[in-house]
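Have a look at data-v1.cif below; it lists mmCIF, C-alpha atoms.
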```cif
data_start
#
loop_
_atom_site.label_atom_id
_atom_site.label_comp_id
_atom_site.auth_asym_id
_atom_site.auth_seq_id
_atom_site.Cartn_x
_atom_site.Cartn_y
_atom_site.Cartn_z
CA MET A 1 -7.26 21.57 1.85
CA THR A 2 -5.16 23.91 -0.29
CA ALA A 3 -6.34 24.01 -3.89
CA TYR A 4 -3.99 22.58 -6.45
CA SER A 5 -2.65 25.26 -8.75
CA SER A 6 -2.56 24.59 -12.48
CA CYS A 7 0.89 26.23 -12.67
CA GLN A 8 2.34 23.39 -10.57
CA ALA A 9 3.46 20.25 -12.33
CA ALA A 10 1.11 17.31 -11.74
CA PRO A 11 2.59 14.28 -9.98
CA SER A 12 3.69 11.10 -11.70
CA VAL A 13 1.80 7.94 -10.76
CA ILE A 14 3.57 4.59 -10.46
CA ILE A 15 1.90 1.18 -10.35
CA ALA A 16 3.75 -2.12 -10.10
CA THR A 17 1.65 -4.97 -11.43
CA TYR A 18 1.89 -8.74 -11.54
CA LYS A 19 -0.74 -11.09 -12.92
CA ARG A 20 -3.82 -9.08 -12.04
CA GLU A 21 -5.20 -8.27 -15.47
CA ALA A 22 -8.83 -7.70 -14.42
CA LEU A 23 -8.02 -5.62 -11.35
CA LEU A 24 -5.41 -3.61 -13.26
CA ASP A 25 -8.05 -2.76 -15.85
CA ARG A 26 -10.27 -1.34 -13.08
CA CYS A 27 -7.35 0.53 -11.57
CA LEU A 28 -6.52 2.20 -14.88
CA ALA A 29 -10.18 3.09 -15.42
CA ALA A 30 -10.15 4.80 -12.02
CA LEU A 31 -6.98 6.70 -12.93
CA ALA A 32 -8.56 7.81 -16.21
CA ALA A 33 -11.45 9.28 -14.21
CA GLN A 34 -9.29 11.49 -11.95
CA THR A 35 -10.25 15.14 -11.65
CA LEU A 36 -6.55 15.98 -11.83
CA ALA A 37 -4.71 14.28 -14.68
CA ALA A 38 -1.36 12.74 -13.76
CA ALA A 39 1.71 14.00 -15.60
CA GLU A 40 2.32 10.35 -16.44
CA VAL A 41 1.08 6.95 -15.32
CA ILE A 42 4.01 4.54 -15.24
CA VAL A 43 2.89 0.92 -15.08
CA VAL A 44 5.72 -1.51 -14.44
CA ASP A 45 4.69 -5.02 -15.44
CA ASP A 46 6.75 -7.34 -13.27
CA ALA A 47 6.94 -10.06 -15.93
CA SER A 48 3.27 -11.08 -15.72
CA THR A 49 2.38 -14.32 -17.46
CA ASP A 50 -1.34 -13.57 -17.85
CA ARG A 51 -3.01 -11.10 -20.23
CA THR A 52 -1.58 -8.04 -18.49
CA PRO A 53 0.46 -6.97 -21.56
CA GLU A 54 -2.70 -7.08 -23.72
CA VAL A 55 -4.67 -5.08 -21.16
CA LEU A 56 -1.95 -2.44 -21.12
CA ARG A 57 -1.68 -2.29 -24.89
CA ALA A 58 -5.46 -1.85 -25.14
CA TRP A 59 -5.35 1.03 -22.68
CA ALA A 60 -2.49 2.67 -24.54
CA ALA A 61 -4.42 2.39 -27.81
CA ARG A 62 -7.84 3.59 -26.66
CA SER A 63 -7.26 6.03 -23.84
CA SER A 64 -5.88 9.51 -23.38
CA LEU A 65 -4.28 8.35 -20.12
CA PRO A 66 -0.61 9.40 -20.29
CA LEU A 67 0.48 5.81 -19.94
CA ARG A 68 4.07 4.65 -19.93
CA ILE A 69 4.36 0.88 -19.99
CA GLU A 70 7.48 -0.82 -18.76
CA ARG A 71 7.83 -4.59 -18.81
CA LEU A 72 10.54 -6.26 -16.77
CA ALA A 73 12.12 -9.39 -18.22
CA GLN A 74 12.10 -11.27 -14.92
CA ASN A 75 9.80 -11.13 -11.93
CA GLY A 76 11.59 -9.46 -9.04
CA GLY A 77 8.84 -8.24 -6.74
CA PRO A 78 7.03 -4.93 -6.31
CA ALA A 79 9.96 -3.17 -4.62
CA ARG A 80 12.20 -3.59 -7.65
CA ALA A 81 9.37 -2.76 -10.06
CA ARG A 82 8.52 0.46 -8.22
CA ASN A 83 12.18 1.46 -8.05
CA HIS A 84 12.29 1.08 -11.83
CA GLY A 85 9.31 3.44 -12.05
CA ILE A 86 10.92 5.95 -9.69
CA ARG A 87 14.02 6.14 -11.89
CA LEU A 88 11.86 6.89 -14.94
CA ALA A 89 9.46 9.36 -13.32
CA GLY A 90 9.66 13.01 -14.24
CA GLY A 91 7.50 14.48 -11.49
CA ALA A 92 8.89 16.16 -8.38
CA TRP A 93 6.20 14.19 -6.51
CA VAL A 94 5.50 10.55 -7.24
CA ALA A 95 2.20 8.97 -6.24
CA PHE A 96 1.74 5.24 -5.74
CA THR A 97 -1.29 3.05 -5.83
CA ASP A 98 -1.54 -0.71 -6.27
CA ASP A 99 -3.00 -2.78 -9.08
CA ASP A 100 -5.77 -4.05 -6.78
CA CYS A 101 -6.93 -0.54 -5.89
CA GLU A 102 -9.36 1.93 -7.42
CA PRO A 103 -8.42 5.53 -6.58
CA GLN A 104 -11.49 7.68 -6.11
CA PRO A 105 -11.90 10.58 -8.57
CA GLU A 106 -10.48 13.26 -6.23
CA TRP A 107 -7.56 11.05 -5.12
CA LEU A 108 -4.71 12.58 -7.07
CA ALA A 109 -6.02 16.13 -6.71
CA ALA A 110 -6.15 15.70 -2.93
CA LEU A 111 -2.64 14.26 -2.72
CA ALA A 112 -1.25 16.91 -5.06
CA ALA A 113 -2.87 19.75 -3.15
CA ASN A 114 -1.50 18.46 0.13
CA ALA A 115 1.91 17.96 -1.43
CA ALA A 116 1.92 21.50 -2.79
CA ALA A 117 1.10 22.87 0.66
CA ALA A 118 3.48 20.60 2.56
CA PRO A 119 6.48 22.07 4.37
CA GLU A 120 9.92 20.99 3.16
CA THR A 121 10.23 18.56 6.06
CA VAL A 122 7.32 16.46 4.80
CA ALA A 123 8.56 13.91 2.28
CA GLY A 124 5.53 11.66 2.00
CA ILE A 125 1.75 11.77 2.43
CA GLY A 126 -0.58 8.81 2.82
CA GLY A 127 -4.32 8.56 2.39
CA ARG A 128 -7.29 6.42 3.37
CA VAL A 129 -7.81 2.86 2.14
CA LEU A 130 -11.42 1.71 2.13
CA PRO A 131 -12.83 -1.57 0.83
CA ALA A 132 -14.11 -1.78 -2.75
CA ALA A 133 -16.88 -4.12 -1.58
CA PRO A 134 -18.13 -5.34 1.80
CA GLY A 135 -17.13 -8.78 3.01
CA LEU A 136 -15.95 -10.52 6.13
CA ILE A 137 -12.25 -10.00 5.48
CA ALA A 138 -12.73 -6.57 3.90
CA ASP A 139 -14.71 -5.44 6.96
CA TYR A 140 -12.13 -6.91 9.34
CA MET A 141 -9.25 -5.18 7.55
CA THR A 142 -11.15 -1.90 7.55
CA LEU A 143 -12.18 -2.07 11.21
CA HIS A 144 -8.57 -2.73 12.21
CA ARG A 145 -7.38 -0.02 9.79
CA ILE A 146 -4.78 -2.46 8.51
CA LEU A 147 -3.85 -0.41 5.44
CA ASP A 148 -4.37 3.07 6.89
CA PRO A 149 -1.45 5.01 8.31
CA PRO A 150 -1.33 4.66 12.11
CA PRO A 151 -2.18 7.74 14.20
CA SER A 152 1.54 8.42 14.64
CA CYS A 153 1.93 8.37 10.84
CA SER A 154 5.07 6.30 11.27
CA TYR A 155 4.51 4.70 7.87
CA ILE A 156 2.37 4.99 4.76
CA VAL A 157 1.53 2.25 2.25
CA THR A 158 1.83 2.03 -1.51
CA ALA A 159 -1.89 1.46 -1.95
CA ASN A 160 -2.26 5.19 -1.39
CA CYS A 161 0.64 7.59 -0.99
CA ILE A 162 2.78 10.26 -2.57
CA TYR A 163 6.49 10.94 -2.00
CA ARG A 164 9.00 13.56 -3.03
CA ARG A 165 11.01 11.84 -5.76
CA SER A 166 14.24 13.49 -4.59
CA VAL A 167 13.83 11.86 -1.17
CA LEU A 168 13.08 8.46 -2.72
CA LEU A 169 16.33 8.71 -4.65
CA GLU A 170 18.16 9.93 -1.55
CA VAL A 171 17.19 6.83 0.47
CA GLY A 172 17.61 4.39 -2.41
CA GLY A 173 13.93 3.63 -2.94
CA PHE A 174 12.25 0.45 -1.77
CA ASP A 175 14.30 -2.35 -0.23
CA GLN A 176 14.58 -4.88 -3.05
CA MET A 177 15.42 -7.67 -0.64
CA VAL A 178 11.65 -7.89 -0.07
CA ARG A 179 10.57 -9.84 -3.13
CA GLU A 180 6.88 -10.30 -2.27
CA PRO A 181 4.30 -7.66 -1.34
CA GLY A 182 4.42 -6.75 2.35
CA GLY A 183 6.94 -4.86 4.43
CA GLU A 184 8.62 -2.96 1.64
CA ASP A 185 6.35 0.07 2.03
CA PRO A 186 6.72 0.62 5.79
CA GLY A 187 10.40 -0.12 5.22
CA LEU A 188 10.56 2.83 2.83
CA SER A 189 8.72 5.02 5.32
CA PHE A 190 11.21 4.16 8.05
CA ALA A 191 14.14 4.88 5.73
CA VAL A 192 12.63 8.26 4.88
CA ARG A 193 12.14 9.10 8.54
CA ARG A 194 15.63 7.91 9.45
CA ALA A 195 16.92 10.38 6.84
CA GLY A 196 15.28 13.19 8.84
CA HIS A 197 12.04 13.65 6.92
CA SER A 198 8.49 13.30 8.16
CA LEU A 199 5.23 11.86 6.83
CA ALA A 200 1.71 13.24 6.82
CA TYR A 201 -1.85 12.05 6.37
CA CYS A 202 -4.51 13.24 3.92
CA GLN A 203 -7.92 11.75 4.66
CA GLU A 204 -9.44 13.25 1.51
CA ALA A 205 -7.25 11.03 -0.69
CA VAL A 206 -9.20 7.79 -0.86
CA VAL A 207 -8.60 4.55 -2.71
CA ARG A 208 -10.88 1.54 -2.71
CA HIS A 209 -9.03 -1.74 -2.22
CA HIS A 210 -10.18 -5.12 -3.54
CA TYR A 211 -9.68 -7.66 -0.76
CA ARG A 212 -9.73 -11.36 -1.57
CA GLU A 213 -12.32 -13.07 0.62
CA SER A 214 -10.17 -16.11 1.30
CA ALA A 215 -8.98 -17.24 4.73
CA LEU A 216 -5.90 -18.83 3.21
CA ASN A 217 -5.00 -15.65 1.36
CA PHE A 218 -5.58 -13.68 4.57
CA LEU A 219 -3.06 -15.86 6.41
CA ARG A 220 -0.58 -15.67 3.53
CA THR A 221 -0.88 -11.89 3.52
CA PHE A 222 0.02 -11.56 7.19
CA TYR A 223 2.76 -14.15 6.85
CA ARG A 224 4.29 -12.00 4.10
CA TYR A 225 3.83 -8.85 6.20
CA GLY A 226 5.66 -10.48 9.08
CA ARG A 227 8.49 -11.72 6.90
CA GLY A 228 8.79 -8.45 4.99
CA CYS A 229 8.80 -6.31 8.11
CA ARG A 230 11.54 -8.45 9.66
CA LEU A 231 13.60 -8.07 6.49
CA VAL A 232 13.32 -4.29 6.30
CA MET A 233 14.10 -3.91 9.99
CA GLY A 234 17.37 -5.77 9.42
CA MET B 1 -4.36 -1.17 15.86
CA SER B 2 -2.46 -1.41 12.61
CA TRP B 3 -0.30 -4.34 11.62
CA ALA B 4 2.85 -2.28 11.53
CA ASP B 5 2.33 -1.47 15.20
CA GLU B 6 3.34 -5.08 15.61
CA LEU B 7 6.61 -4.79 13.71
CA ALA B 8 8.40 -6.54 16.52
CA PRO B 9 5.58 -8.83 17.62
CA MET B 10 5.42 -10.38 21.05
CA ALA B 11 5.59 -14.16 21.09
CA PRO B 12 1.98 -15.37 20.76
CA THR B 13 1.79 -17.05 24.16
CA PRO B 14 -1.67 -17.99 25.43
CA GLU B 15 -1.52 -15.01 27.81
CA ASN B 16 -0.57 -12.56 25.05
CA LEU B 17 -3.20 -13.93 22.69
CA LEU B 18 -5.95 -13.78 25.32
CA GLU B 19 -5.04 -10.21 26.19
CA ASP B 20 -5.08 -9.24 22.51
CA LEU B 21 -8.38 -11.03 21.90
CA ALA B 22 -9.97 -9.24 24.85
CA ALA B 23 -8.93 -5.88 23.39
CA ALA B 24 -10.15 -6.92 19.93
CA ASP B 25 -13.47 -8.10 21.37
CA ARG B 26 -14.00 -4.72 23.02
CA LEU B 27 -13.37 -3.08 19.64
CA TYR B 28 -15.92 -5.36 17.95
CA GLN B 29 -18.50 -4.71 20.64
CA LYS B 30 -18.01 -0.96 20.26
CA ALA B 31 -18.31 -1.28 16.46
CA GLY B 32 -21.54 -3.28 16.72
CA VAL B 33 -20.10 -6.58 15.48
CA HIS B 34 -22.13 -9.39 17.02
CA GLY B 35 -22.88 -13.10 16.85
CA VAL B 36 -21.20 -15.37 14.32
CA ARG B 37 -19.46 -12.43 12.68
CA ARG B 38 -17.81 -11.51 15.98
CA VAL B 39 -16.57 -15.08 16.44
CA ALA B 40 -15.24 -15.05 12.87
CA PHE B 41 -13.44 -11.76 13.54
CA LEU B 42 -11.85 -13.24 16.67
CA LEU B 43 -10.67 -16.24 14.67
CA LEU B 44 -9.22 -13.92 12.03
CA ARG B 45 -7.45 -12.01 14.79
CA VAL B 46 -5.80 -15.18 16.06
CA GLY B 47 -4.87 -16.09 12.48
CA GLN B 48 -3.42 -12.63 11.87
CA ARG B 49 -1.22 -12.80 14.97
CA LEU B 50 0.03 -16.32 14.32
CA ALA B 51 0.65 -15.79 10.59
CA TYR B 52 2.51 -12.53 11.19
CA TRP B 53 4.60 -14.14 13.89
CA GLY B 54 5.34 -17.10 11.62
CA GLY B 55 6.50 -14.83 8.81
CA TRP B 56 8.61 -12.81 11.24
CA MET B 57 10.30 -15.93 12.56
CA MET B 58 10.91 -17.43 9.11
CA ALA B 59 12.52 -14.34 7.55
CA LYS B 60 16.12 -14.89 6.56
CA ASN B 61 17.94 -11.60 6.23
CA PRO B 62 21.21 -11.91 4.29
CA ARG B 63 22.33 -8.57 5.75
CA ARG B 64 22.38 -10.00 9.27
#
```
Translate this structure into structure tokens?
Amino acid sequence: MTAYSSCQAAPSVIIATYKREALLDRCLAALAAQTLAAAEVIVVDDASTDRTPEVLRAWAARSSLPLRIERLAQNGGPARARNHGIRLAGGAWVAFTDDDCEPQPEWLAALAANAAAAPETVAGIGGRVLPAAPGLIADYMTLHRILDPPPSCSYIVTANCIYRRSVLLEVGGFDQMVREPGGEDPGLSFAVRRAGHSLAYCQEAVVRHHYRESALNFLRTFYRYGRGCRLVMG
Amino acid sequence: MSWADELAPMAPTPENLLEDLAAADRLYQKAGVHGVRRVAFLLLRVGQRLAYWGGWMMAKNPRR
């Protein structure tokens, strides 16, 4: 892995969040513990009705995390929330993680180093998604590598990725027709590849994902994936 | 196999499901998943395929 040079601008980090106050708190703690500080951490609150605004205000007050809090007036789904963050971001590279993930301390440094060394043709880089805790569903998702990029690297997911901001703007960001999580991130990857760019994989960039150990939630998740993927494929 | 490899999923006919379950079972055996856990994984696999297919079929794309 190429070392990240201090003369290069650090990436922006974008998180879309909706009603996950406890998990978001853990996510922000993980971002505060990064070995490479983000240029900015843009959290777009998608009109949460729980204590998310309080959690964010507390972080802004007590932490040196370069936090930028954006609250949307109406819930519109993670695609729209992330697009809002992309428009605001100042970094040439924009990293994404989700509010139910805990990036490991070397996460951003690994993504940034790979981004700095990437050829111009590479527009996005994805990393590994491992479970935050063992469990039946967590182990199943991990064994099937559900959230890891496939060997062909045909797509990367927002739990763990970084994109060139210029390319995100070029392709119009995430497809906002997908209003629930699932499908919007491979949809973005396909749009990026259709525009002539390629994607890469960085196994050193690791996030830990909190899976809900619920069979009903498992089924809902794949239902949303199926619906979202159909939508982005047109 | 990753879920996005199934972007255009095959209809979950009994033949397709059995073929997929056989492949999944080989994966579980190789990974050392045994007993009740292996049965639970196979049930999750069936659930994954059916739920994904259901979502795919129910999507209404205003652009189409």
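Atom pair atom CA of Phe41 of chain B / atom CA of Ala159 of chain A has a distance of 23.4 Å (rounded to one decimal).
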Which residues are near Ala30 of chain A? Cut-off 7 Å, only C-alpha atoms, ignore same chain within fewer than 3 positions. Put them as a PyMOL selection string. chain A and resi 26-27+33-34+102-105
Written as a list in words, what is the full residue list that the PyMOL selection byres ((chain A) within 7 of (chain B)) yields on the file shown? Tyr140, His144, Arg145, Ile146, Pro150, Leu219, Phe222, Tyr223, Arg224, Tyr225, Gly226, Arg227, Cys229, Arg230, Leu231 and Gly234 of chain A
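Running the PyMOL selection byres ((chain A and resi 11) around 10) on this file leaves Gln8, Ala9, Ala10, Ser12, Val13, Ile14, Leu36, Ala37, Ala38, Ala39, Glu40, Val41, Ala89, Gly90, Gly91, Ala92, Trp93, Val94, Ala95, Leu108, Ala109, Leu111, Ala112, Ala115, Ile162, Tyr163, Arg164 and Arg165 of chain A selected.
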For the provided coordinates, the residues matched by the PyMOL selection byres ((chain A and resi 45) around 7) should be stated as a PDB file with C-alpha atoms, keeping the file's coordinate frame.
```pdb
ATOM      1  CA  ALA A  16       3.750  -2.120 -10.100  1.00  0.00           C
ATOM      2  CA  THR A  17       1.650  -4.970 -11.430  1.00  0.00           C
ATOM      3  CA  TYR A  18       1.890  -8.740 -11.540  1.00  0.00           C
ATOM      4  CA  VAL A  43       2.890   0.920 -15.080  1.00  0.00           C
ATOM      5  CA  VAL A  44       5.720  -1.510 -14.440  1.00  0.00           C
ATOM      6  CA  ASP A  46       6.750  -7.340 -13.270  1.00  0.00           C
ATOM      7  CA  ALA A  47       6.940 -10.060 -15.930  1.00  0.00           C
ATOM      8  CA  SER A  48       3.270 -11.080 -15.720  1.00  0.00           C
ATOM      9  CA  GLU A  70       7.480  -0.820 -18.760  1.00  0.00           C
ATOM     10  CA  ARG A  71       7.830  -4.590 -18.810  1.00  0.00           C
ATOM     11  CA  LEU A  72      10.540  -6.260 -16.770  1.00  0.00           C
TER      12      LEU A  72
END
```
